[in-house]
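Novice: This is the content of model36.cif (mmCIF, C-alpha atoms):
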```
data_my_file
#
loop_
_atom_site.label_atom_id
_atom_site.label_comp_id
_atom_site.auth_asym_id
_atom_site.auth_seq_id
_atom_site.Cartn_x
_atom_site.Cartn_y
_atom_site.Cartn_z
CA MET A 1 -11.52 34.67 -3.11
CA ALA A 2 -13.10 38.07 -3.59
CA GLY A 3 -10.99 41.02 -4.63
CA ALA A 4 -11.12 44.56 -5.94
CA ASN A 5 -8.46 44.46 -8.67
CA THR A 6 -9.43 44.67 -12.32
CA ILE A 7 -8.35 42.01 -14.81
CA GLY A 8 -6.74 44.07 -17.57
CA ALA A 9 -3.63 42.38 -18.97
CA ILE A 10 -4.04 39.54 -16.48
CA GLY A 11 -6.69 38.12 -18.79
CA ARG A 12 -3.87 36.94 -21.03
CA LYS A 13 -2.93 34.41 -18.38
CA PHE A 14 -6.12 32.52 -19.19
CA GLN A 15 -6.83 30.38 -22.24
CA ASP A 16 -10.41 31.41 -22.86
CA HIS A 17 -13.33 33.35 -21.45
CA LEU A 18 -17.10 33.42 -21.68
CA GLY A 19 -19.49 36.30 -21.15
CA VAL A 20 -22.23 35.25 -18.74
CA HIS A 21 -25.35 36.68 -17.20
CA PRO A 22 -26.37 34.19 -14.48
CA PRO A 23 -28.30 32.07 -14.01
CA LEU A 24 -26.47 30.03 -16.65
CA THR A 25 -28.40 28.30 -19.37
CA ASP A 26 -27.72 24.72 -20.41
CA GLU A 27 -26.04 26.10 -23.53
CA GLN A 28 -23.68 28.28 -21.49
CA LEU A 29 -22.88 25.41 -19.14
CA GLY A 30 -22.05 23.23 -22.12
CA ALA A 31 -19.48 25.80 -23.27
CA ILE A 32 -17.60 25.57 -19.97
CA PRO A 33 -15.00 22.78 -19.90
CA ALA A 34 -15.63 19.91 -17.52
CA LYS A 35 -11.89 19.63 -16.92
CA ARG A 36 -9.29 20.46 -14.29
CA GLY A 37 -8.07 24.03 -14.15
CA VAL A 38 -8.18 27.53 -12.69
CA PHE A 39 -11.11 29.87 -13.24
CA LEU A 40 -11.84 33.49 -12.49
CA LEU A 41 -15.17 35.27 -12.19
CA SER A 42 -15.15 38.99 -12.89
CA ALA A 43 -17.70 41.80 -12.77
CA ALA A 44 -18.88 44.09 -15.58
CA ASP A 45 -16.16 46.64 -14.74
CA GLY A 46 -13.44 43.98 -14.90
CA ARG A 47 -13.13 43.65 -11.14
CA ALA A 48 -11.91 40.22 -10.01
CA ILE A 49 -14.55 38.49 -7.89
CA LEU A 50 -13.47 34.89 -7.39
CA LEU A 51 -10.34 32.92 -8.32
CA ALA A 52 -10.46 29.19 -7.68
CA THR A 53 -9.25 25.76 -8.79
CA ALA A 54 -11.45 22.84 -9.70
CA ALA A 55 -11.20 19.23 -10.83
CA SER A 56 -14.10 20.13 -13.12
CA ILE A 57 -14.66 23.82 -13.82
CA ARG A 58 -18.16 23.17 -15.13
CA GLY A 59 -19.05 21.07 -12.10
CA ARG A 60 -17.74 23.72 -9.71
CA LEU A 61 -19.75 26.48 -11.37
CA ARG A 62 -22.93 24.48 -11.81
CA GLY A 63 -23.99 25.21 -8.27
CA ARG A 64 -22.58 28.76 -8.15
CA LEU A 65 -24.12 30.36 -11.25
CA GLU A 66 -27.26 28.33 -11.95
CA GLU A 67 -30.71 29.04 -10.57
CA PRO A 68 -30.48 29.02 -6.76
CA GLY A 69 -31.54 25.92 -4.91
CA ASP A 70 -32.31 25.71 -1.24
CA PRO A 71 -30.28 28.61 0.29
CA ARG A 72 -30.00 26.66 3.51
CA ARG A 73 -27.85 24.00 1.78
CA THR A 74 -24.90 26.22 0.84
CA ARG A 75 -22.63 28.64 2.64
CA SER A 76 -21.16 30.07 -0.57
CA ALA A 77 -21.79 33.69 -1.39
CA ASP A 78 -24.31 34.33 -4.16
CA LEU A 79 -22.20 35.78 -6.99
CA ARG A 80 -24.81 35.57 -9.74
CA ALA A 81 -25.87 39.21 -9.48
CA ILE A 82 -22.38 40.61 -10.17
CA THR A 83 -20.63 37.97 -12.33
CA ARG A 84 -20.41 38.92 -16.00
CA THR A 85 -17.31 37.11 -17.31
CA LEU A 86 -15.79 33.70 -16.72
CA HIS A 87 -12.09 33.16 -17.54
CA TRP A 88 -10.42 29.76 -17.39
CA ARG A 89 -7.11 28.03 -17.82
CA LEU A 90 -6.96 24.23 -18.07
CA ALA A 91 -4.33 22.14 -16.30
CA GLY A 92 -3.35 18.54 -16.86
CA GLY A 93 -2.31 17.83 -13.28
CA HIS A 94 -2.39 19.11 -9.73
CA PHE A 95 1.00 20.84 -9.81
CA GLU A 96 0.23 22.77 -12.99
CA MET A 97 -3.14 23.84 -11.59
CA ASP A 98 -1.71 25.09 -8.30
CA TRP A 99 1.24 26.80 -10.01
CA ALA A 100 -1.11 28.63 -12.39
CA TYR A 101 -3.29 29.63 -9.43
CA LEU A 102 -0.26 31.05 -7.60
CA GLU A 103 0.97 33.09 -10.55
CA ILE A 104 -2.48 34.47 -11.36
CA ALA A 105 -3.31 35.23 -7.72
CA ARG A 106 -0.13 37.21 -7.17
CA SER A 107 -0.79 39.18 -10.36
CA ILE A 108 -4.27 40.19 -9.18
CA TRP A 109 -3.59 40.55 -5.44
CA PRO A 110 0.20 41.21 -5.13
CA ASP A 111 -0.03 42.19 -1.46
CA SER A 112 -2.36 39.50 -0.16
CA TYR A 113 -2.03 36.45 -2.42
CA PRO A 114 -0.24 34.30 0.25
CA LYS A 115 -3.46 34.29 2.27
CA LEU A 116 -5.22 32.59 -0.64
CA LEU A 117 -2.83 29.65 -0.97
CA SER A 118 -3.57 26.20 0.43
CA TRP A 119 0.10 25.44 1.14
CA ARG A 120 2.90 27.03 3.15
CA PRO A 121 6.62 27.61 2.42
CA ALA A 122 8.78 24.50 2.64
CA TRP A 123 10.77 23.52 5.73
CA PHE A 124 14.57 23.42 5.70
CA VAL A 125 17.40 22.95 8.19
CA ARG A 126 20.20 25.50 8.34
CA VAL A 127 23.55 25.79 10.08
CA ASP A 128 26.24 28.44 9.76
CA CYS A 129 29.50 26.82 10.83
CA ASP A 130 31.24 30.20 10.87
CA ASP A 131 28.78 31.65 13.36
CA PRO A 132 30.35 32.45 16.77
CA TYR A 133 27.92 29.95 18.33
CA PRO A 134 26.91 27.57 15.51
CA HIS A 135 23.79 25.43 15.86
CA PHE A 136 21.26 23.66 13.65
CA THR A 137 17.87 25.29 13.30
CA ARG A 138 14.76 24.68 11.25
CA THR A 139 13.48 27.42 8.98
CA ARG A 140 11.01 28.11 6.17
CA ASP A 141 13.63 30.20 4.39
CA GLY A 142 15.18 28.05 1.66
CA SER A 143 17.69 30.66 0.52
CA ILE A 144 21.33 29.64 0.33
CA GLU A 145 22.84 33.04 1.06
CA ALA A 146 24.03 32.38 4.63
CA GLY A 147 25.41 29.14 6.02
CA GLN A 148 24.47 25.70 4.80
CA THR A 149 20.89 24.76 4.03
CA LEU A 150 19.42 21.33 3.47
CA GLY A 151 15.96 20.01 2.74
CA PRO A 152 13.16 20.15 1.94
CA PHE A 153 11.19 18.52 4.75
CA GLU A 154 7.49 17.77 4.65
CA THR A 155 6.80 19.25 8.08
CA GLY A 156 8.49 21.31 10.76
CA ARG A 157 8.34 18.24 12.96
CA SER A 158 10.34 16.11 10.52
CA ALA A 159 12.90 18.93 10.20
CA GLN A 160 13.28 18.97 13.98
CA GLN A 161 13.59 15.17 14.07
CA PHE A 162 16.44 15.45 11.57
CA ILE A 163 18.17 18.01 13.80
CA ASP A 164 17.66 15.82 16.88
CA VAL A 165 19.35 12.85 15.19
CA VAL A 166 22.37 14.92 14.13
CA GLN A 167 22.70 16.52 17.56
CA ASP A 168 22.49 13.16 19.34
CA ALA A 169 24.96 11.48 16.97
CA PHE A 170 27.58 14.22 17.34
CA ASP A 171 26.88 15.19 20.97
CA LEU A 172 26.07 18.77 20.03
CA CYS A 173 24.57 21.38 22.30
CA ARG A 174 20.74 21.35 22.20
CA ASP A 175 20.25 24.80 23.70
CA PRO A 176 21.53 27.83 21.73
CA GLN A 177 21.12 30.05 24.80
CA CYS A 178 23.31 27.72 26.83
CA LEU A 179 25.84 27.66 23.99
CA ARG A 180 26.09 31.47 24.02
CA ARG A 181 27.19 31.39 27.65
CA SER A 182 30.32 29.41 26.83
CA PRO A 183 32.88 29.05 28.23
CA SER A 184 31.52 30.50 31.48
CA GLY A 185 28.21 28.65 31.67
CA GLU A 186 27.10 25.66 33.69
CA ARG A 187 27.05 22.12 32.38
CA CYS A 188 23.59 21.18 31.10
CA THR A 189 21.67 17.98 31.80
CA TYR A 190 22.88 16.40 28.54
CA GLY A 191 26.46 17.19 29.56
CA GLN A 192 25.93 15.54 32.95
CA MET A 193 24.73 12.42 31.10
CA GLY A 194 27.79 12.46 28.84
CA ARG A 195 25.71 13.31 25.77
CA CYS A 196 27.05 16.82 25.08
CA LEU A 197 30.55 18.10 24.33
CA CYS A 198 29.90 20.94 26.80
CA PRO A 199 31.37 24.01 25.15
CA CYS A 200 29.18 25.88 27.63
CA ASP A 201 31.53 25.23 30.55
CA GLY A 202 34.73 25.18 28.51
CA SER A 203 35.11 21.38 28.36
CA ILE A 204 35.80 21.89 24.66
CA SER A 205 36.96 25.09 23.01
CA MET A 206 34.61 26.89 20.66
CA ASP A 207 37.08 26.39 17.81
CA ALA A 208 37.07 22.64 18.40
CA TYR A 209 33.29 22.68 18.80
CA ARG A 210 32.90 24.52 15.48
CA ARG A 211 34.97 21.81 13.80
CA THR A 212 32.59 19.20 15.19
CA VAL A 213 29.56 21.15 13.99
CA ARG A 214 31.18 21.39 10.55
CA ALA A 215 31.74 17.62 10.51
CA ALA A 216 28.09 17.12 11.49
CA ALA A 217 26.96 19.46 8.71
CA GLU A 218 29.12 17.68 6.16
CA PHE A 219 27.65 14.36 7.23
CA ALA A 220 24.10 15.68 7.05
CA LEU A 221 24.70 17.13 3.60
CA GLY A 222 26.32 13.89 2.42
CA PRO A 223 27.91 11.72 1.25
CA ARG A 224 27.89 9.72 4.47
CA ASP A 225 29.54 6.39 3.68
CA GLU A 226 33.07 7.30 4.75
CA HIS A 227 32.01 8.63 8.16
CA LEU A 228 29.88 5.54 8.79
CA ARG A 229 32.76 3.28 7.73
CA ARG A 230 35.06 4.97 10.27
CA LEU A 231 32.48 4.59 13.04
CA ARG A 232 32.04 0.88 12.29
CA GLU A 233 35.80 0.40 12.33
CA ARG A 234 36.03 2.16 15.71
CA MET A 235 33.24 -0.08 17.03
CA ARG A 236 35.04 -3.25 15.87
CA ARG A 237 38.32 -2.04 17.38
CA ALA A 238 36.66 -1.24 20.70
CA SER A 239 35.08 -4.71 20.78
CA ALA A 240 38.40 -6.35 19.99
CA GLU A 241 39.98 -4.46 22.89
CA LEU A 242 37.11 -5.62 25.17
CA LYS A 243 35.93 -2.04 25.58
CA PHE A 244 32.32 -3.12 25.31
CA GLU A 245 30.78 -0.01 26.84
CA ARG A 246 32.54 2.15 24.27
CA ALA A 247 31.55 -0.22 21.45
CA ALA A 248 27.92 -0.07 22.61
CA ALA A 249 28.00 3.73 22.62
CA ILE A 250 29.32 3.76 19.04
CA LYS A 251 26.65 1.26 17.97
CA GLY A 252 24.00 3.51 19.50
CA ARG A 253 25.38 6.38 17.47
CA LEU A 254 25.29 4.27 14.29
CA ASP A 255 21.69 3.24 15.00
CA ARG A 256 20.74 6.88 15.49
CA LEU A 257 22.38 7.93 12.23
CA ALA A 258 20.55 5.13 10.40
CA GLU A 259 17.33 7.00 11.14
CA LEU A 260 18.36 9.58 8.54
CA ASP A 261 17.54 6.97 5.89
CA ALA A 262 13.85 7.12 6.84
CA PRO A 263 11.35 7.86 4.03
CA GLU A 264 10.51 11.30 5.41
CA PHE A 265 14.10 12.37 4.70
CA ARG A 266 14.29 10.97 1.16
CA TYR A 267 14.44 14.40 -0.52
CA VAL A 268 16.93 15.99 1.86
CA ALA A 269 19.84 17.48 -0.07
CA PRO A 270 21.98 20.62 -0.01
CA GLY A 271 19.91 23.75 -0.63
CA GLU A 272 21.82 24.56 -3.83
CA ASP A 273 20.52 21.25 -5.26
CA PHE A 274 16.86 22.35 -5.13
CA ARG A 275 16.50 21.80 -8.88
CA PHE A 276 13.96 19.47 -10.43
CA LEU A 277 12.52 18.35 -13.73
CA LEU A 278 8.80 17.79 -13.17
CA VAL A 279 6.97 15.68 -15.73
CA GLN A 280 3.24 16.11 -15.29
CA PRO A 281 0.00 14.88 -16.86
CA SER A 282 -1.23 16.92 -19.81
CA GLY A 283 -4.82 15.71 -19.97
CA SER A 284 -3.92 13.60 -23.00
CA ARG A 285 -2.77 9.99 -22.99
CA LEU A 286 -0.26 10.81 -25.73
CA LYS A 287 1.56 13.78 -24.18
CA ALA A 288 3.20 14.84 -20.92
CA LYS A 289 4.08 18.32 -19.72
CA VAL A 290 7.48 19.39 -18.42
CA PHE A 291 8.17 22.01 -15.74
CA LEU A 292 11.60 23.33 -14.83
CA VAL A 293 12.45 24.19 -11.22
CA ASP A 294 15.54 26.07 -10.08
CA HIS A 295 15.11 27.04 -6.43
CA GLY A 296 12.29 29.62 -6.41
CA ALA A 297 11.97 29.87 -10.19
CA VAL A 298 9.50 27.70 -12.10
CA ALA A 299 8.97 27.62 -15.86
CA GLU A 300 6.91 25.49 -18.20
CA GLY A 301 8.90 23.55 -20.78
CA ARG A 302 7.74 21.95 -24.00
CA SER A 303 5.45 18.95 -23.97
CA LEU A 304 6.77 15.45 -24.63
CA ASP A 305 5.10 13.04 -27.03
CA TRP A 306 4.26 9.48 -26.02
CA PRO A 307 5.77 7.12 -27.10
CA LEU A 308 8.87 9.07 -26.21
CA VAL A 309 11.00 10.90 -28.78
CA LYS A 310 14.72 11.06 -28.03
CA ARG A 311 15.25 14.54 -29.49
CA GLN A 312 12.42 15.91 -27.33
CA LEU A 313 13.99 14.41 -24.20
CA ALA A 314 17.37 15.88 -25.14
CA GLY A 315 15.67 19.23 -25.76
CA ALA A 316 14.04 19.16 -22.31
CA ILE A 317 17.44 18.58 -20.70
CA ARG A 318 19.07 21.38 -22.72
CA ARG A 319 16.32 23.79 -21.67
CA MET A 320 16.88 22.80 -18.05
CA GLU A 321 20.61 23.44 -18.44
CA ARG A 322 19.93 26.90 -19.84
CA PHE A 323 17.35 27.59 -17.14
CA VAL A 324 19.87 26.78 -14.40
CA ALA A 325 22.61 28.79 -16.13
CA ALA A 326 20.29 31.80 -16.22
CA GLY A 327 19.60 31.48 -12.48
CA ALA A 328 22.38 33.84 -11.47
CA ARG A 329 21.07 36.50 -13.84
CA ARG A 330 17.53 36.10 -12.53
CA GLY A 331 18.67 36.87 -9.03
CA ARG A 332 16.89 35.79 -5.87
CA GLY A 333 15.05 37.41 -3.00
CA ASP A 334 11.54 37.85 -4.45
CA PRO A 335 9.10 36.77 -1.70
CA VAL A 336 7.14 34.63 -4.18
CA GLU A 337 10.12 32.25 -4.37
CA ARG A 338 9.28 30.86 -0.92
CA TRP A 339 5.78 30.01 -2.06
CA ARG A 340 6.95 28.37 -5.28
CA MET A 341 9.42 26.24 -3.35
CA GLY A 342 6.64 25.36 -0.93
CA LEU A 343 4.48 24.24 -3.84
CA VAL A 344 7.29 22.08 -5.24
CA ALA A 345 7.89 20.56 -1.80
CA ARG A 346 4.20 19.77 -1.45
CA CYS A 347 4.38 18.04 -4.83
CA LEU A 348 7.39 15.99 -3.66
CA PHE A 349 5.54 14.61 -0.66
CA SER A 350 2.23 13.94 -2.44
CA SER A 351 0.94 10.57 -3.58
CA GLU A 352 2.44 9.24 -6.82
CA ARG A 353 -0.69 9.95 -8.85
CA ARG A 354 -0.83 13.52 -7.62
CA ARG A 355 2.95 13.99 -7.80
CA GLY A 356 3.58 12.75 -11.34
CA LEU A 357 7.32 12.42 -11.96
CA VAL A 358 9.72 14.49 -9.89
CA LEU A 359 13.34 14.06 -10.98
CA ARG A 360 16.09 15.90 -9.12
CA TYR A 361 18.24 17.55 -11.75
CA ALA A 362 22.03 17.27 -11.80
CA PRO A 363 24.42 18.10 -14.65
CA GLY A 364 24.99 15.12 -16.90
CA LEU A 365 21.41 13.88 -16.91
CA ALA A 366 21.04 11.68 -20.01
CA PRO A 367 17.94 11.35 -22.24
CA ALA A 368 17.86 7.59 -21.58
CA GLU A 369 17.79 8.24 -17.81
CA LEU A 370 14.92 10.69 -18.18
CA ALA A 371 13.11 8.25 -20.47
CA ALA A 372 13.43 5.41 -17.97
CA ALA A 373 12.01 7.59 -15.20
CA ILE A 374 9.04 8.62 -17.37
CA VAL A 375 8.30 5.02 -18.32
CA SER A 376 8.30 3.96 -14.68
CA SER A 377 5.82 6.76 -13.91
CA SER A 378 3.70 6.37 -17.05
CA SER A 379 0.66 5.16 -15.13
CA ALA A 380 0.71 8.15 -12.77
CA LEU A 381 1.12 10.43 -15.79
CA GLY A 382 -1.93 8.94 -17.49
CA LEU A 383 0.06 7.83 -20.53
CA SER A 384 -1.25 4.97 -22.68
CA GLU A 385 0.55 2.25 -24.61
CA ALA A 386 3.21 1.82 -21.93
CA LYS A 387 4.15 -1.58 -23.34
CA ALA A 388 5.14 0.04 -26.61
CA THR A 389 8.02 1.87 -24.91
CA ARG A 390 9.41 -0.99 -22.85
CA SER A 391 12.19 -3.47 -23.47
CA GLU A 392 14.14 -5.68 -21.10
CA ASN A 393 16.80 -3.09 -20.41
CA ALA A 394 15.59 0.33 -21.56
CA PRO A 395 12.62 2.18 -23.00
CA LYS A 396 12.33 2.36 -26.75
CA LEU A 397 12.73 5.85 -28.17
CA ARG A 398 11.68 7.18 -31.53
#
```
When written as structure tokens, how does the structure in this file appear?
Specialist:
Amino acid sequence: MAGANTIGAIGRKFQDHLGVHPPLTDEQLGAIPAKRGVFLLSAADGRAILLATAASIRGRLRGRLEEPGDPRRTRSADLRAITRTLHWRLAGGHFEMDWAYLEIARSIWPDSYPKLLSWRPAWFVRVDCDDPYPHFTRTRDGSIEAGQTLGPFETGRSAQQFIDVVQDAFDLCRDPQCLRRSPSGERCTYGQMGRCLCPCDGSISMDAYRRTVRAAAEFALGPRDEHLRRLRERMRRASAELKFERAAAIKGRLDRLAELDAPEFRYVAPGEDFRFLLVQPSGSRLKAKVFLVDHGAVAEGRSLDWPLVKRQLAGAIRRMERFVAAGARRGRGDPVERWRMGLVARCLFSSERRRGLVLRYAPGLAPAELAAAIVSSSSALGLSEAKATRSENAPKLR
């Protein structure tokens, strides 16, 4: 993406650079890594011209800075006349590459970098049970400052599906505007079908309705076993009393709630639990990279050797503990946090090979647990000699 900002100190975000005067010679092309990473083209005055990612930086630039071919076969702008420096930063995997791109882009173009990103902020579901008229809503704001937040969701549609299930299972109002007219409103269509508690017309008080919304939120946030156990018991009791219509209604509610176990909801958790240890490819079969995620903050940890070393695993967990502990001091509210969380969410819902290992962090994580997760993902991480770390019950650690 073209820009007018000069590089200056931003150049330190790259690993290396090469002075060029296109068209590139074979010797210059040979000095450019044919590896995954982020690259930047800049002009003689240091002005940023193009920032991009590539599976092979050399391959991406071969057609951009060499002698021109048939101009009718490309729509890319001809940057050869103004490009004088190439900067690059290598990345072992997709997440590292996109994260580096985000941080560099916002340094160069702080006001417009979101337009350059290929992903959007993550989707969440939020409810404030203390609101005068509480209701579930989907949002791209993953902050945990107001109400209860849960997610992430891959799409806005899946977030809405989650809300629909909760509303159906607890007979909640589907229309916030109708809810705000309570208790002087008219009964909605769902109420006429017996599928809404109808606070709108005063059939239930707002205080009682808020308690139901709170119960629904607690169920959605989990754990869910106790609520499901009570519903099953009520269904059995209704059947025993020959109240089959009531038993069928409870079974329908249980079937609806079972939909929350669908794969698209597998990462749904309270917003305050948006903390992950990401283990990513390094580009070497004998190392893996670690990234720490605490809500909208992302940091690179130290690499892990393969076969695994117990003290390195313990060190990664200690660094994550310190990273989380420092979260309150870091503060929140920087707009970039939404984009980092969006990037992490995209990683969560990617294919295994693109995702690497994503491990939700919780206090008490043990090195052996982290080791087992890495071993199970060793193929996706591009690590060799997987058999050397396996045993019947646990991975071998050095």
Novice: Determine the residue set returned by the PyMOL selection byres ((chain A and resi 367) around 8) for the present structure, and present it as a PyMOL selection string.
Specialist: chain A and resi 310+313-314+317+365-366+368-371
Novice: Could the residues of range 271-375 of chain A that have an atom at most 7 Å from range 79-95 of chain A be listed as a tab-separated table, each with its closest atom pair and the distance in Å to one decimal, counting only C-alpha atoms and ordered by chain and ascending residue number?
Specialist:
```
residue	atom	partner	partner_atom	distance
A:Gln280	CA	A:Gly93	CA	6.1
A:Pro281	CA	A:Gly92	CA	5.0
A:Ser282	CA	A:Gly92	CA	4.0
A:Gly283	CA	A:Gly92	CA	4.5
A:Cys347	CA	A:Phe95	CA	6.6
A:Arg354	CA	A:His94	CA	6.2
```
Novice: Kindly export the residues of the current selection with C-alpha atoms, as a PDB file, in the frame of the given file.
Specialist:
```
ATOM      1  CA  GLN A 280       3.240  16.110 -15.290  1.00  0.00           C
ATOM      2  CA  PRO A 281       0.000  14.880 -16.860  1.00  0.00           C
ATOM      3  CA  SER A 282      -1.230  16.920 -19.810  1.00  0.00           C
ATOM      4  CA  GLY A 283      -4.820  15.710 -19.970  1.00  0.00           C
ATOM      5  CA  CYS A 347       4.380  18.040  -4.830  1.00  0.00           C
ATOM      6  CA  ARG A 354      -0.830  13.520  -7.620  1.00  0.00           C
TER       7      ARG A 354
END
```
Novice: Give me the residues near range 185-199 of chain A as a VMD selection string, where near means some atom within 10 Å (using all atoms listed in the file) and where sequence neighbours in that chain fewer than 2 positions away do not count.
Specialist: chain A and resid 133 167 to 175 177 to 183 201 to 210 212
Novice: Name the closest residue to Pro270 in chain A among the candidates A:Leu381, A:Ile104, A:Leu150, A:Leu304; distances are taken between atoms, counting all atoms listed in the file.
Specialist: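 So, comparing all the options, the nearest one is A:Leu150.
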Novice: Quick one: of A:Ala362, A:Leu41, A:Ala100, A:Leu278, who's nearest to Val344 in chain A, counting all atoms listed in the file?
Specialist: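 Looking at the shortest contact to Val344 in chain A, the residue is A:Leu278.
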Novice: Determine the residue set returned by the PyMOL selection byres ((chain A and resi 250) around 12) for the present structure, and present it as number ranges by chain.
Specialist: A: 168-171, 228-239, 243-249, 251-257
Novice: As a ChimeraX atom specification, please: the residues near Asp131 in chain A (cut-off 10 Å, all atoms listed in the file, same-chain neighbours under 2 positions excluded).
Specialist: /A:127-129,133-135,146-147,210
Novice: Have a look at A:Pro152, A:Gly30, A:Gly46, A:Pro223 and name the one nearest to Ala122 in chain A; count only C-alpha atoms.
Specialist: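 Closest to Ala122 in chain A, using only C-alpha atoms: A:Pro152.
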Novice: Here is a test: counting only C-alpha atoms, which residue of A:Leu242, A:Val290, A:Leu308, A:Ile163 is nearest to Ala216 in chain A?
Specialist: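 Ranked by minimum distance to Ala216 in chain A, first place goes to A:Ile163.
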Novice: Could you spell out the hits of the PyMOL selection byres ((chain A and resi 105) around 10) on the shown file, as JSON, numbers by chain?
Specialist: {"A": [1, 10, 40, 51, 52, 99, 100, 101, 102, 103, 104, 106, 107, 108, 109, 110, 111, 112, 113, 114, 116, 117]}
Novice: Find the axis-aligned box for range 114-120 of chain A, covering all its listed atoms and adding 8 Å on each side, and write its centre and edge lengths in Å to one decimal as JSON.
Specialist:
```
{"center_x": -1.2, "center_y": 29.9, "center_z": 1.1, "size_x": 24.1, "size_y": 24.9, "size_z": 20.1}
```
Novice: So that I can check the surroundings of His295 in chain A, please list as a PDB file with C-alpha atoms, in the coordinates of the input every protein, DNA and RNA residue that reaches within 7 Å of it, counting all atoms listed in the file and ignoring chain neighbours fewer than 5 positions away.
Specialist:
```
ATOM      1  CA  PHE A 274      16.860  22.350  -5.130  1.00  0.00           C
ATOM      2  CA  ARG A 275      16.500  21.800  -8.880  1.00  0.00           C
ATOM      3  CA  MET A 341       9.420  26.240  -3.350  1.00  0.00           C
TER       4      MET A 341
END
```
Novice: Considering all atoms listed in the file, state which residue in the set A:Leu292, A:Ala258, A:Ala372, A:Ala345 is at the smallest distance from Val279 in chain A.
Specialist: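 Ranking A:Leu292, A:Ala258, A:Ala372, A:Ala345 by distance to Val279 in chain A, first place goes to A:Leu292.
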Novice: Do a neighbour search on Phe219 in chain A at 10 Å with all atoms listed in the file, toss out local chain neighbours closer than 5 positions, and write the hits as a list in words.
Specialist: Val166, Val213, Arg214, Arg224, Asp225, Glu226, His227, Leu228 and Leu257 of chain A
Novice: Could you check the closest approach to Ser56 in chain A for each of A:Gly37, A:Pro121, A:Gly222, A:Pro363 and tell me which residue wins, using all atoms listed in the file?
Specialist: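 Closest to Ser56 in chain A, using all atoms listed in the file: A:Gly37.
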